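Colleague: Just one file: target.json, with JSON, C-alpha atoms.
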```
[["chain", "number", "residue", "atom", "x", "y", "z"],
["V", 14, "MET", "CA", -42.76, -6.03, 9.11],
["V", 15, "ILE", "CA", -42.76, -6.52, 5.34],
["V", 16, "LYS", "CA", -41.54, -2.95, 4.83],
["V", 17, "ARG", "CA", -38.73, -3.50, 7.34],
["V", 18, "ALA", "CA", -37.67, -6.73, 5.60],
["V", 19, "LEU", "CA", -37.72, -4.97, 2.23],
["V", 20, "TYR", "CA", -35.65, -2.12, 3.66],
["V", 21, "LEU", "CA", -33.06, -4.54, 5.03],
["V", 22, "LEU", "CA", -32.93, -6.37, 1.70],
["V", 23, "ILE", "CA", -32.30, -3.13, -0.21],
["V", 24, "LEU", "CA", -29.70, -2.02, 2.33],
["V", 25, "GLY", "CA", -27.92, -5.35, 2.04],
["V", 26, "ALA", "CA", -27.85, -5.07, -1.75],
["V", 27, "LEU", "CA", -26.40, -1.55, -1.55],
["V", 28, "LEU", "CA", -23.68, -2.69, 0.85],
["V", 29, "LEU", "CA", -22.77, -5.54, -1.49],
["V", 30, "GLN", "CA", -22.59, -3.11, -4.42],
["V", 31, "THR", "CA", -20.36, -0.78, -2.41],
["V", 32, "ALA", "CA", -18.05, -3.63, -1.43],
["V", 33, "ALA", "CA", -17.88, -4.79, -5.05],
["V", 34, "ALA", "CA", -17.06, -1.26, -6.21],
["V", 35, "GLN", "CA", -14.25, -1.03, -3.64],
["V", 36, "ASN", "CA", -12.88, -4.40, -4.76],
["V", 37, "ASP", "CA", -12.86, -3.15, -8.35],
["V", 38, "THR", "CA", -10.72, -0.13, -7.45],
["V", 39, "ILE", "CA", -7.00, -0.32, -8.20],
["V", 40, "VAL", "CA", -5.12, 1.41, -5.40],
["V", 41, "PHE", "CA", -1.86, 2.60, -6.95],
["V", 42, "THR", "CA", 1.10, 3.43, -4.70],
["V", 43, "PRO", "CA", 4.13, 5.12, -6.33],
["V", 44, "GLN", "CA", 7.41, 4.18, -4.63],
["V", 45, "TRP", "CA", 8.11, 7.71, -3.38],
["V", 46, "THR", "CA", 6.40, 10.85, -2.16],
["V", 47, "ALA", "CA", 4.42, 13.11, -4.50],
["V", 48, "GLN", "CA", 6.63, 14.61, -7.20],
["V", 49, "ALA", "CA", 7.01, 14.96, -10.98],
["V", 50, "GLN", "CA", 8.53, 11.47, -11.17],
["V", 51, "PHE", "CA", 4.91, 10.27, -11.20],
["V", 52, "ALA", "CA", 3.41, 13.04, -13.31],
["V", 53, "GLY", "CA", 1.80, 10.76, -15.90],
["V", 54, "TYR", "CA", -0.34, 9.04, -13.30],
["V", 55, "TYR", "CA", -1.46, 12.34, -11.80],
["V", 56, "VAL", "CA", -2.39, 13.51, -15.31],
["V", 57, "ALA", "CA", -4.33, 10.31, -16.01],
["V", 58, "GLU", "CA", -6.34, 10.75, -12.82],
["V", 59, "THR", "CA", -6.88, 14.51, -13.18],
["V", 60, "LYS", "CA", -7.73, 14.48, -16.89],
["V", 61, "GLY", "CA", -10.13, 11.56, -16.50],
["V", 62, "PHE", "CA", -8.12, 9.06, -18.57],
["V", 63, "TYR", "CA", -8.71, 6.30, -16.03],
["V", 64, "ARG", "CA", -12.44, 7.02, -15.98],
["V", 65, "GLU", "CA", -12.56, 7.04, -19.79],
["V", 66, "ALA", "CA", -10.78, 3.66, -19.82],
["V", 67, "GLY", "CA", -13.41, 2.25, -17.49],
["V", 68, "VAL", "CA", -11.08, 1.60, -14.56],
["V", 69, "LYS", "CA", -11.31, 2.97, -11.02],
["V", 70, "VAL", "CA", -7.94, 4.12, -9.67],
["V", 71, "ARG", "CA", -7.01, 5.71, -6.38],
["V", 72, "ILE", "CA", -3.47, 7.05, -5.88],
["V", 73, "GLU", "CA", -2.11, 6.62, -2.36],
["V", 74, "HIS", "CA", 1.49, 7.54, -1.64],
["V", 75, "PRO", "CA", 3.71, 5.51, 0.72],
["V", 76, "SER", "CA", 4.78, 6.59, 4.19],
["V", 77, "SER", "CA", 7.88, 5.98, 6.27],
["V", 78, "THR", "CA", 6.08, 3.14, 8.06],
["V", 79, "GLN", "CA", 4.34, 1.78, 4.97],
["V", 80, "PRO", "CA", 6.74, 1.72, 1.97],
["V", 81, "ALA", "CA", 5.22, 0.90, -1.41],
["V", 82, "MET", "CA", 6.28, -2.76, -1.48],
["V", 83, "THR", "CA", 5.05, -3.31, 2.07],
["V", 84, "ARG", "CA", 1.68, -1.97, 1.00],
["V", 85, "LEU", "CA", 1.66, -4.34, -1.99],
["V", 86, "ARG", "CA", 2.58, -7.32, 0.18],
["V", 87, "LYS", "CA", -0.21, -6.49, 2.65],
["V", 88, "ASN", "CA", -2.73, -6.00, -0.19],
["V", 89, "LEU", "CA", -3.14, -2.32, 0.73],
["V", 90, "CYS", "CA", -2.48, -1.50, -2.92],
["V", 91, "GLN", "CA", -2.75, -3.46, -6.15],
["V", 92, "ALA", "CA", -0.10, -1.67, -8.21],
["V", 93, "THR", "CA", 3.17, 0.08, -7.49],
["V", 94, "THR", "CA", 6.19, 1.46, -9.30],
["V", 95, "LEU", "CA", 9.49, -0.39, -8.93],
["V", 96, "GLN", "CA", 12.91, -0.21, -10.49],
["V", 97, "VAL", "CA", 13.92, -3.31, -12.44],
["V", 98, "CYS", "CA", 16.53, -4.30, -9.84],
["V", 99, "GLN", "CA", 13.96, -4.02, -7.05],
["V", 100, "ALA", "CA", 11.51, -6.18, -8.99],
["V", 101, "LEU", "CA", 14.16, -8.86, -9.49],
["V", 102, "GLU", "CA", 14.90, -8.96, -5.76],
["V", 103, "ILE", "CA", 11.22, -9.35, -4.90],
["V", 104, "VAL", "CA", 10.68, -12.12, -7.44],
["V", 105, "ASP", "CA", 13.78, -13.86, -6.10],
["V", 106, "GLU", "CA", 12.19, -13.70, -2.62],
["V", 107, "GLY", "CA", 9.29, -15.77, -3.94],
["V", 108, "ILE", "CA", 6.72, -13.11, -4.83],
["V", 109, "PRO", "CA", 5.91, -13.35, -8.57],
["V", 110, "LEU", "CA", 5.39, -9.94, -10.19],
["V", 111, "VAL", "CA", 4.07, -8.75, -13.54],
["V", 112, "ASN", "CA", 5.34, -5.64, -15.33],
["V", 113, "ILE", "CA", 2.25, -4.05, -16.90],
["V", 114, "LEU", "CA", 3.91, -0.80, -18.05],
["V", 115, "GLN", "CA", 7.52, 0.33, -18.34],
["V", 116, "THR", "CA", 8.16, 4.07, -18.32],
["V", 117, "SER", "CA", 11.93, 4.37, -17.75],
["V", 118, "MET", "CA", 14.21, 3.37, -20.62],
["V", 119, "ASN", "CA", 17.49, 4.54, -19.04],
["V", 120, "ASN", "CA", 19.26, 4.50, -15.69],
["V", 121, "ALA", "CA", 19.26, 7.75, -13.71],
["V", 122, "MET", "CA", 21.63, 6.88, -10.86],
["V", 123, "VAL", "CA", 24.85, 8.82, -10.28],
["V", 124, "ILE", "CA", 27.53, 9.06, -7.62],
["V", 125, "VAL", "CA", 28.55, 12.57, -6.63],
["V", 126, "SER", "CA", 31.76, 13.04, -4.63],
["V", 127, "TYR", "CA", 33.10, 15.98, -2.67],
["V", 128, "ARG", "CA", 35.94, 18.33, -3.61],
["V", 129, "ASP", "CA", 36.09, 17.43, -7.31],
["V", 130, "MET", "CA", 37.31, 13.91, -6.55],
["V", 131, "ASP", "CA", 36.72, 10.96, -8.87],
["V", 132, "PRO", "CA", 34.41, 8.46, -7.09],
["V", 133, "LEU", "CA", 36.42, 5.61, -8.64],
["V", 134, "THR", "CA", 39.56, 6.70, -6.75],
["V", 135, "GLN", "CA", 37.89, 6.83, -3.33],
["V", 136, "LYS", "CA", 38.41, 3.31, -2.02],
["V", 137, "GLY", "CA", 36.64, 2.74, 1.30],
["V", 138, "ALA", "CA", 34.71, 6.02, 1.00],
["V", 139, "ARG", "CA", 31.59, 6.68, 3.07],
["V", 140, "VAL", "CA", 28.84, 6.83, 0.46],
["V", 141, "GLY", "CA", 25.18, 7.71, 1.00],
["V", 142, "ILE", "CA", 22.58, 5.18, -0.16],
["V", 143, "TRP", "CA", 18.78, 5.25, 0.08],
["V", 144, "SER", "CA", 17.37, 3.42, 3.09],
["V", 145, "VAL", "CA", 14.50, 2.03, 0.98],
["V", 146, "GLY", "CA", 16.72, 0.45, -1.67],
["V", 147, "PHE", "CA", 17.45, 1.67, -5.24],
["V", 148, "GLY", "CA", 21.23, 1.16, -4.92],
["V", 149, "GLN", "CA", 21.71, -2.41, -6.18],
["V", 150, "LEU", "CA", 23.83, -1.46, -9.20],
["V", 151, "ALA", "CA", 26.07, 0.77, -7.08],
["V", 152, "ILE", "CA", 26.69, -2.09, -4.66],
["V", 153, "CYS", "CA", 27.59, -4.34, -7.61],
["V", 154, "MET", "CA", 29.99, -1.71, -8.97],
["V", 155, "SER", "CA", 31.66, -1.21, -5.58],
["V", 156, "ILE", "CA", 32.28, -4.96, -5.26],
["V", 157, "MET", "CA", 33.49, -5.56, -8.83],
["V", 158, "ASP", "CA", 35.79, -2.52, -8.87],
["V", 159, "HIS", "CA", 37.15, -3.39, -5.39],
["V", 160, "LEU", "CA", 36.15, 0.01, -4.01],
["V", 161, "ASP", "CA", 34.75, -1.39, -0.75],
["V", 162, "TYR", "CA", 32.50, 1.59, -0.13],
["V", 163, "GLU", "CA", 31.06, 2.00, 3.36],
["V", 164, "TRP", "CA", 27.35, 2.48, 2.71],
["V", 165, "VAL", "CA", 25.56, 5.00, 4.92],
["V", 166, "ARG", "CA", 21.78, 4.98, 4.63],
["V", 167, "PHE", "CA", 19.74, 8.17, 4.30],
["V", 168, "ALA", "CA", 15.99, 8.70, 4.09],
["V", 169, "GLN", "CA", 15.12, 11.21, 1.41],
["V", 170, "ASN", "CA", 17.43, 14.22, 1.19],
["V", 171, "VAL", "CA", 21.07, 15.17, 0.75],
["V", 172, "ASN", "CA", 21.72, 16.78, 4.14],
["V", 173, "LEU", "CA", 24.30, 14.22, 5.26],
["V", 174, "PHE", "CA", 26.41, 14.81, 2.16],
["V", 175, "VAL", "CA", 26.04, 18.60, 2.16],
["V", 176, "SER", "CA", 27.05, 18.72, 5.84],
["V", 177, "GLY", "CA", 30.32, 16.94, 5.03],
["V", 178, "ALA", "CA", 29.48, 13.72, 6.88],
["V", 179, "LEU", "CA", 29.92, 11.67, 3.68],
["V", 180, "ASP", "CA", 32.65, 11.43, 1.05],
["V", 181, "ALA", "CA", 30.11, 10.82, -1.71],
["V", 182, "THR", "CA", 26.45, 10.06, -2.21],
["V", 183, "LEU", "CA", 24.19, 8.26, -4.63],
["V", 184, "ALA", "CA", 21.66, 10.48, -6.35],
["V", 185, "MET", "CA", 19.04, 10.29, -9.06],
["V", 186, "SER", "CA", 19.66, 12.61, -11.99],
["V", 187, "TYR", "CA", 16.07, 13.86, -11.75],
["V", 188, "ASN", "CA", 15.94, 14.34, -7.98],
["V", 189, "GLU", "CA", 18.86, 14.50, -5.52],
["V", 190, "PHE", "CA", 21.23, 15.68, -8.27],
["V", 191, "TYR", "CA", 19.26, 18.93, -8.54],
["V", 192, "GLN", "CA", 18.97, 19.19, -4.75],
["V", 193, "LEU", "CA", 22.76, 19.13, -4.65],
["V", 194, "VAL", "CA", 23.00, 21.78, -7.37],
["V", 195, "GLN", "CA", 20.58, 23.98, -5.44],
["V", 196, "ALA", "CA", 22.72, 23.43, -2.32],
["V", 197, "GLY", "CA", 25.75, 24.83, -4.16],
["V", 198, "ILE", "CA", 27.62, 21.60, -4.86],
["V", 199, "LYS", "CA", 29.84, 21.96, -7.92],
["V", 200, "MET", "CA", 29.16, 19.29, -10.56],
["V", 201, "THR", "CA", 31.89, 18.33, -13.03],
["V", 202, "ASP", "CA", 32.70, 15.37, -15.25],
["V", 203, "LYS", "CA", 35.32, 14.42, -12.67],
["V", 204, "ASN", "CA", 33.19, 14.19, -9.52],
["V", 205, "VAL", "CA", 29.97, 12.83, -11.11],
["V", 206, "TYR", "CA", 29.86, 9.16, -12.12],
["V", 207, "ARG", "CA", 26.85, 8.27, -14.30],
["V", 208, "PHE", "CA", 26.06, 4.56, -14.20],
["V", 209, "CYS", "CA", 24.34, 4.61, -17.59],
["V", 210, "ASP", "CA", 27.65, 5.57, -19.23],
["V", 211, "HIS", "CA", 29.71, 2.79, -17.65],
["V", 212, "GLY", "CA", 27.95, -0.44, -18.57],
["V", 213, "TYR", "CA", 25.14, -0.21, -16.02],
["V", 214, "ASN", "CA", 22.34, 1.21, -18.12],
["V", 215, "VAL", "CA", 19.48, -0.76, -16.56],
["V", 216, "GLN", "CA", 15.93, 0.55, -16.75],
["V", 217, "GLU", "CA", 14.31, 1.87, -13.61],
["V", 218, "ASP", "CA", 10.63, 2.74, -13.07],
["V", 219, "GLY", "CA", 7.90, 0.40, -14.26],
["V", 220, "VAL", "CA", 4.43, -0.46, -12.94],
["V", 221, "TYR", "CA", 4.12, -3.85, -11.26],
["V", 222, "MET", "CA", 1.35, -6.02, -9.81],
["V", 223, "THR", "CA", 1.56, -9.36, -8.06],
["V", 224, "ARG", "CA", 0.91, -12.15, -10.54],
["V", 225, "ASP", "CA", -1.98, -13.43, -8.44],
["V", 226, "TYR", "CA", -3.77, -10.08, -8.65],
["V", 227, "TYR", "CA", -2.98, -9.64, -12.33],
["V", 228, "ASN", "CA", -4.29, -13.09, -13.25],
["V", 229, "GLY", "CA", -7.61, -12.28, -11.61],
["V", 230, "HIS", "CA", -7.93, -8.75, -13.01],
["V", 231, "LYS", "CA", -6.28, -8.78, -16.45],
["V", 232, "GLU", "CA", -8.75, -6.45, -18.16],
["V", 233, "GLN", "CA", -8.55, -3.90, -15.34],
["V", 234, "ALA", "CA", -4.76, -4.07, -15.35],
["V", 235, "GLN", "CA", -4.55, -3.53, -19.10],
["V", 236, "ARG", "CA", -6.94, -0.58, -18.96],
["V", 237, "PHE", "CA", -4.94, 0.94, -16.12],
["V", 238, "ALA", "CA", -1.71, 0.53, -18.10],
["V", 239, "ARG", "CA", -3.16, 2.05, -21.29],
["V", 240, "ALA", "CA", -4.60, 5.06, -19.44],
["V", 241, "SER", "CA", -1.33, 5.59, -17.54],
["V", 242, "LYS", "CA", 0.62, 5.53, -20.81],
["V", 243, "LYS", "CA", -1.82, 8.11, -22.20],
["V", 244, "GLY", "CA", -1.15, 10.26, -19.13],
["V", 245, "TRP", "CA", 2.59, 10.19, -19.77],
["V", 246, "GLU", "CA", 2.13, 10.99, -23.46],
["V", 247, "TRP", "CA", -0.06, 13.96, -22.53],
["V", 248, "ALA", "CA", 2.54, 15.08, -19.96],
["V", 249, "ALA", "CA", 5.29, 15.05, -22.59],
["V", 250, "ALA", "CA", 3.16, 17.19, -24.91],
["V", 251, "HIS", "CA", 1.95, 19.64, -22.20],
["V", 252, "PRO", "CA", 4.78, 20.07, -19.64],
["V", 253, "GLU", "CA", 3.62, 23.35, -18.06],
["V", 254, "GLU", "CA", 0.03, 22.20, -17.62],
["V", 255, "THR", "CA", 1.42, 18.96, -16.22],
["V", 256, "LEU", "CA", 3.42, 20.95, -13.67],
["V", 257, "ASP", "CA", 0.19, 22.66, -12.56],
["V", 258, "ILE", "CA", -1.24, 19.21, -11.88],
["V", 259, "VAL", "CA", 1.92, 17.95, -10.15],
["V", 260, "MET", "CA", 1.99, 20.94, -7.80],
["V", 261, "LYS", "CA", -1.59, 20.23, -6.69],
["V", 262, "TYR", "CA", -0.56, 16.75, -5.59],
["V", 263, "VAL", "CA", 2.62, 18.09, -3.98],
["V", 264, "ASP", "CA", 0.64, 20.70, -2.03],
["V", 265, "ARG", "CA", -1.99, 18.18, -1.00],
["V", 266, "GLU", "CA", 0.71, 15.85, 0.38],
["V", 267, "HIS", "CA", 2.56, 18.77, 2.06],
["V", 268, "ILE", "CA", 5.84, 18.03, 0.29],
["V", 269, "ALA", "CA", 8.63, 20.58, 0.73],
["V", 270, "THR", "CA", 9.61, 21.42, -2.85],
["V", 271, "ASN", "CA", 9.03, 24.13, -5.44],
["V", 272, "ARG", "CA", 7.94, 24.50, -9.05],
["V", 273, "VAL", "CA", 11.50, 25.09, -10.29],
["V", 274, "MET", "CA", 12.66, 21.78, -8.82],
["V", 275, "GLN", "CA", 9.63, 19.94, -10.20],
["V", 276, "ARG", "CA", 10.15, 21.44, -13.66],
["V", 277, "LEU", "CA", 13.74, 20.18, -13.69],
["V", 278, "MET", "CA", 12.57, 16.77, -12.49],
["V", 279, "LEU", "CA", 9.83, 16.46, -15.10],
["V", 280, "LYS", "CA", 12.17, 17.41, -17.93],
["V", 281, "GLU", "CA", 14.74, 14.81, -16.83],
["V", 282, "VAL", "CA", 12.17, 12.05, -16.22],
["V", 283, "LEU", "CA", 10.74, 12.59, -19.71],
["V", 284, "ARG", "CA", 14.26, 12.49, -21.18],
["V", 285, "LEU", "CA", 14.94, 9.19, -19.44],
["V", 286, "GLN", "CA", 11.80, 7.73, -21.04],
["V", 287, "VAL", "CA", 13.37, 8.02, -24.50],
["V", 288, "ASP", "CA", 15.31, 4.90, -25.50],
["V", 289, "ARG", "CA", 18.94, 5.62, -26.40],
["V", 290, "ASP", "CA", 18.89, 3.30, -29.39],
["V", 291, "SER", "CA", 15.53, 3.98, -31.01],
["V", 292, "LYS", "CA", 15.25, 7.62, -29.83],
["V", 293, "LYS", "CA", 11.59, 6.87, -29.06],
["V", 294, "ARG", "CA", 9.44, 6.72, -25.93],
["V", 295, "GLU", "CA", 8.79, 2.97, -26.12],
["V", 296, "PHE", "CA", 7.05, 2.07, -22.82],
["V", 297, "ARG", "CA", 8.45, -1.47, -22.84],
["V", 298, "LEU", "CA", 10.72, -3.58, -20.69],
["V", 299, "ARG", "CA", 13.90, -4.50, -22.55],
["V", 300, "PRO", "CA", 14.99, -8.16, -22.30],
["V", 301, "ASP", "CA", 18.68, -7.23, -22.59],
["V", 302, "MET", "CA", 18.47, -4.88, -19.61],
["V", 303, "VAL", "CA", 16.66, -7.44, -17.46],
["V", 304, "LYS", "CA", 19.37, -9.97, -18.34],
["V", 305, "LEU", "CA", 22.16, -7.49, -17.53],
["V", 306, "ALA", "CA", 20.66, -6.61, -14.14],
["V", 307, "SER", "CA", 19.94, -10.23, -13.28],
["V", 308, "ARG", "CA", 23.46, -11.44, -14.14],
["V", 309, "LEU", "CA", 25.13, -8.59, -12.23],
["V", 310, "MET", "CA", 23.01, -9.28, -9.16],
["V", 311, "VAL", "CA", 23.60, -13.04, -9.27],
["V", 312, "LYS", "CA", 27.35, -12.51, -9.72],
["V", 313, "ASN", "CA", 27.42, -10.28, -6.65],
["V", 314, "MET", "CA", 25.22, -12.60, -4.58],
["V", 315, "MET", "CA", 22.20, -10.29, -4.51],
["V", 316, "LEU", "CA", 20.00, -12.92, -6.19],
["V", 317, "GLY", "CA", 19.86, -16.66, -5.60],
["V", 318, "GLN", "CA", 19.33, -17.30, -9.31],
["V", 319, "GLU", "CA", 18.72, -15.36, -12.51],
["V", 320, "VAL", "CA", 15.26, -13.85, -12.94],
["V", 321, "THR", "CA", 14.20, -13.89, -16.57],
["V", 322, "TYR", "CA", 12.44, -11.31, -18.68],
["V", 323, "GLU", "CA", 9.72, -13.86, -19.45],
["V", 324, "SER", "CA", 8.93, -14.31, -15.76],
["V", 325, "LEU", "CA", 8.01, -10.60, -15.51],
["V", 326, "MET", "CA", 5.78, -10.54, -18.56],
["V", 327, "PRO", "CA", 1.94, -10.78, -18.42]]
```
Hey, can you dump this file as structure tokens for me?
Modeller:
Amino acid sequence: MIKRALYLLILGALLLQTAAAQNDTIVFTPQWTAQAQFAGYYVAETKGFYREAGVKVRIEHPSSTQPAMTRLRKNLCQATTLQVCQALEIVDEGIPLVNILQTSMNNAMVIVSYRDMDPLTQKGARVGIWSVGFGQLAICMSIMDHLDYEWVRFAQNVNLFVSGALDATLAMSYNEFYQLVQAGIKMTDKNVYRFCDHGYNVQEDGVYMTRDYYNGHKEQAQRFARASKKGWEWAAAHPEETLDIVMKYVDREHIATNRVMQRLMLKEVLRLQVDRDSKKREFRLRPDMVKLASRLMVKNMMLGQEVTYESLMP
């Protein structure tokens, strides 16, 4: 009887330790499927940077039924990547967020139109936009320039545009842009509109947590951010080895892509991490870009009120 009681006591202690270990794990969900856009995090996990920092991290990608922000809202993950405009929308909805690491320093969004036509001359055009968001600045531009685009949502590829069903499509310079090139679409200065060159240079990817989670796990969050930054720095210094790591994640997630596409993506993502003004990879959220995004979105009724830089800071 005593042995049985002792056994149950030990078992109970082990279960409590296991539960505590699980609670200490940061589940990180990037906002898209496995690709070089998230190379630094794959490097940090593979090279042991998270372990060296003393933080447990598990990377879980989103699905069509469980987007990254849905997972964060349901507490299925503790950290996710968001573009600045997305973060502002979520804060405006009443969910306080904290930016613990900013990787993007420049905007990557472009509009590509068919038949060498200038997107700014195509009033009322049918334009592809991601079904999961990412197009806030394009919507602002369409309203302010009186273009009245008809937005047609797509999931994750350029098939609608390539098939001729759309007049133009939004694309990221590191992703869909290269898909279009591979599909044989001719790219010129006339039919490609780069938002960063027309007064819309707002940062994109950063790592966010809910403020409630951050306030209760500050040390873990800071260790996660430092190790992730180290992963990106290593990726910039070792691009081919980084691609080896990226392809392992891509293969594991059964993503239809290839090394050539991922090499192009990694090169462009790393370029976008370099600030235009300082020419350095700064890993910081810029107050001026938050203000620009917030004012544009308020002006075009996408936010109820301005969201400040300070409200996103730890």
Colleague: Quick one: residues within 10 Å of V:Met314, only C-alpha atoms counted, chain neighbours fewer than 5 positions away excluded, as an mmCIF file with C-alpha atoms, keeping the file's coordinate frame?
Modeller:
```cif
data_model
loop_
_atom_site.group_PDB
_atom_site.id
_atom_site.type_symbol
_atom_site.label_atom_id
_atom_site.label_comp_id
_atom_site.auth_asym_id
_atom_site.auth_seq_id
_atom_site.Cartn_x
_atom_site.Cartn_y
_atom_site.Cartn_z
ATOM 1 C CA CYS V 153 27.590 -4.340 -7.610
ATOM 2 C CA ARG V 308 23.460 -11.440 -14.140
ATOM 3 C CA LEU V 309 25.130 -8.590 -12.230
#
```
Colleague: Kindly provide the residues of stretch 144-200 of chain V that approach stretch 211-218 of chain V to within 10 Å, each paired with its closest atom pair and their distance in Å to one decimal, based on all atoms listed in the file, listed by chain and increasing number, as CSV.
Modeller:
```
residue,atom,partner,partner_atom,distance
V:Phe147,CA,V:Glu217,CA,8.9
V:Leu150,CA,V:Tyr213,CA,7.1
V:Ala151,CA,V:Tyr213,CA,9.0
V:Cys153,CA,V:Tyr213,CA,9.7
V:Met154,CA,V:Tyr213,CA,8.7
```
Colleague: Keeping only C-alpha atoms, write those residues as a compact mmCIF listing (two decimals), keeping the file's coordinate frame.
Modeller:
```
# COMPACT_ATOMS: atom_id res chain seq x y z
CA PHE V 147 17.45 1.67 -5.24
CA LEU V 150 23.83 -1.46 -9.20
CA ALA V 151 26.07 0.77 -7.08
CA CYS V 153 27.59 -4.34 -7.61
CA MET V 154 29.99 -1.71 -8.97
```
Colleague: Considering only C-alpha atoms, can you say which of V:Val125, V:Met157, V:Ala57, V:Val70 comes closest to V:Lys312?
Modeller: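 Closest to V:Lys312 of all the choices is V:Met157.
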Colleague: Find, counting only C-alpha atoms, the residue in V:Asp301, V:Ala306, V:Val165, V:Ser117 that gets nearest to V:Arg284.
Modeller: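 Of V:Asp301, V:Ala306, V:Val165, V:Ser117, the one nearest V:Arg284, counting only C-alpha atoms, is V:Ser117.
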Colleague: Between V:Glu266, V:Glu73, V:Glu319, V:Glu281, which is the closest to V:Ser307 once you count all atoms listed in the file?
Modeller: V:Glu319
Colleague: Would you mind telling me which residue in V:Leu101, V:Met260, V:Val194, V:Leu95 lies nearest to V:Val220 when using all atoms listed in the file?
Modeller: V:Leu95
Colleague: So how far away is atom CA of V:Asn120 from atom CA of V:Cys209, in Å?
Modeller: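 Distance between the two atoms: 5.4 Å.
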Colleague: Just how far from atom CA of V:Thr182 is atom CA of V:Leu283, in Å to one decimal?
Modeller: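 Going from atom CA of V:Leu283 over to atom CA of V:Thr182, I get 23.7 Å.
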Colleague: Looking at V:Ile198, V:Leu298, V:Leu85, V:Val263, which one is nearest to V:Pro109, with distances taken over only C-alpha atoms?
Modeller: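 For V:Pro109, the nearest of the candidates is V:Leu85.
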Colleague: Smallest atom-to-atom distance to V:Tyr54: which of V:Met122, V:Leu179, V:Ile72, V:Ile156, using all atoms listed in the file?
Modeller: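 For V:Tyr54, the nearest of the candidates is V:Ile72.
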Colleague: As a list in words, please: the residues near V:Asp129 (cut-off 12 Å, all atoms listed in the file, same-chain neighbours under 2 positions excluded).
Modeller: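 Counting only the stated atoms, we get Ile124, Val125, Ser126, Tyr127, Asp131, Pro132, Leu133, Thr134, Gln135, Asp180, Ala181, Ile198, Lys199, Met200, Thr201, Asp202, Lys203, Asn204, Val205 and Tyr206 of chain V.
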Colleague: What is the atom CA of V:Ser144-atom CA of V:Phe167 distance in Å, reported with one decimal?
Modeller: 5.4 Å
Colleague: At a cut-off of 8 Å from (-2.2, 7.9, -16.6) in the coordinates of the file, what residues are picked up using only C-alpha atoms, written as a ChimeraX atom specification?
Modeller: /V:53-58,62-63,237-245
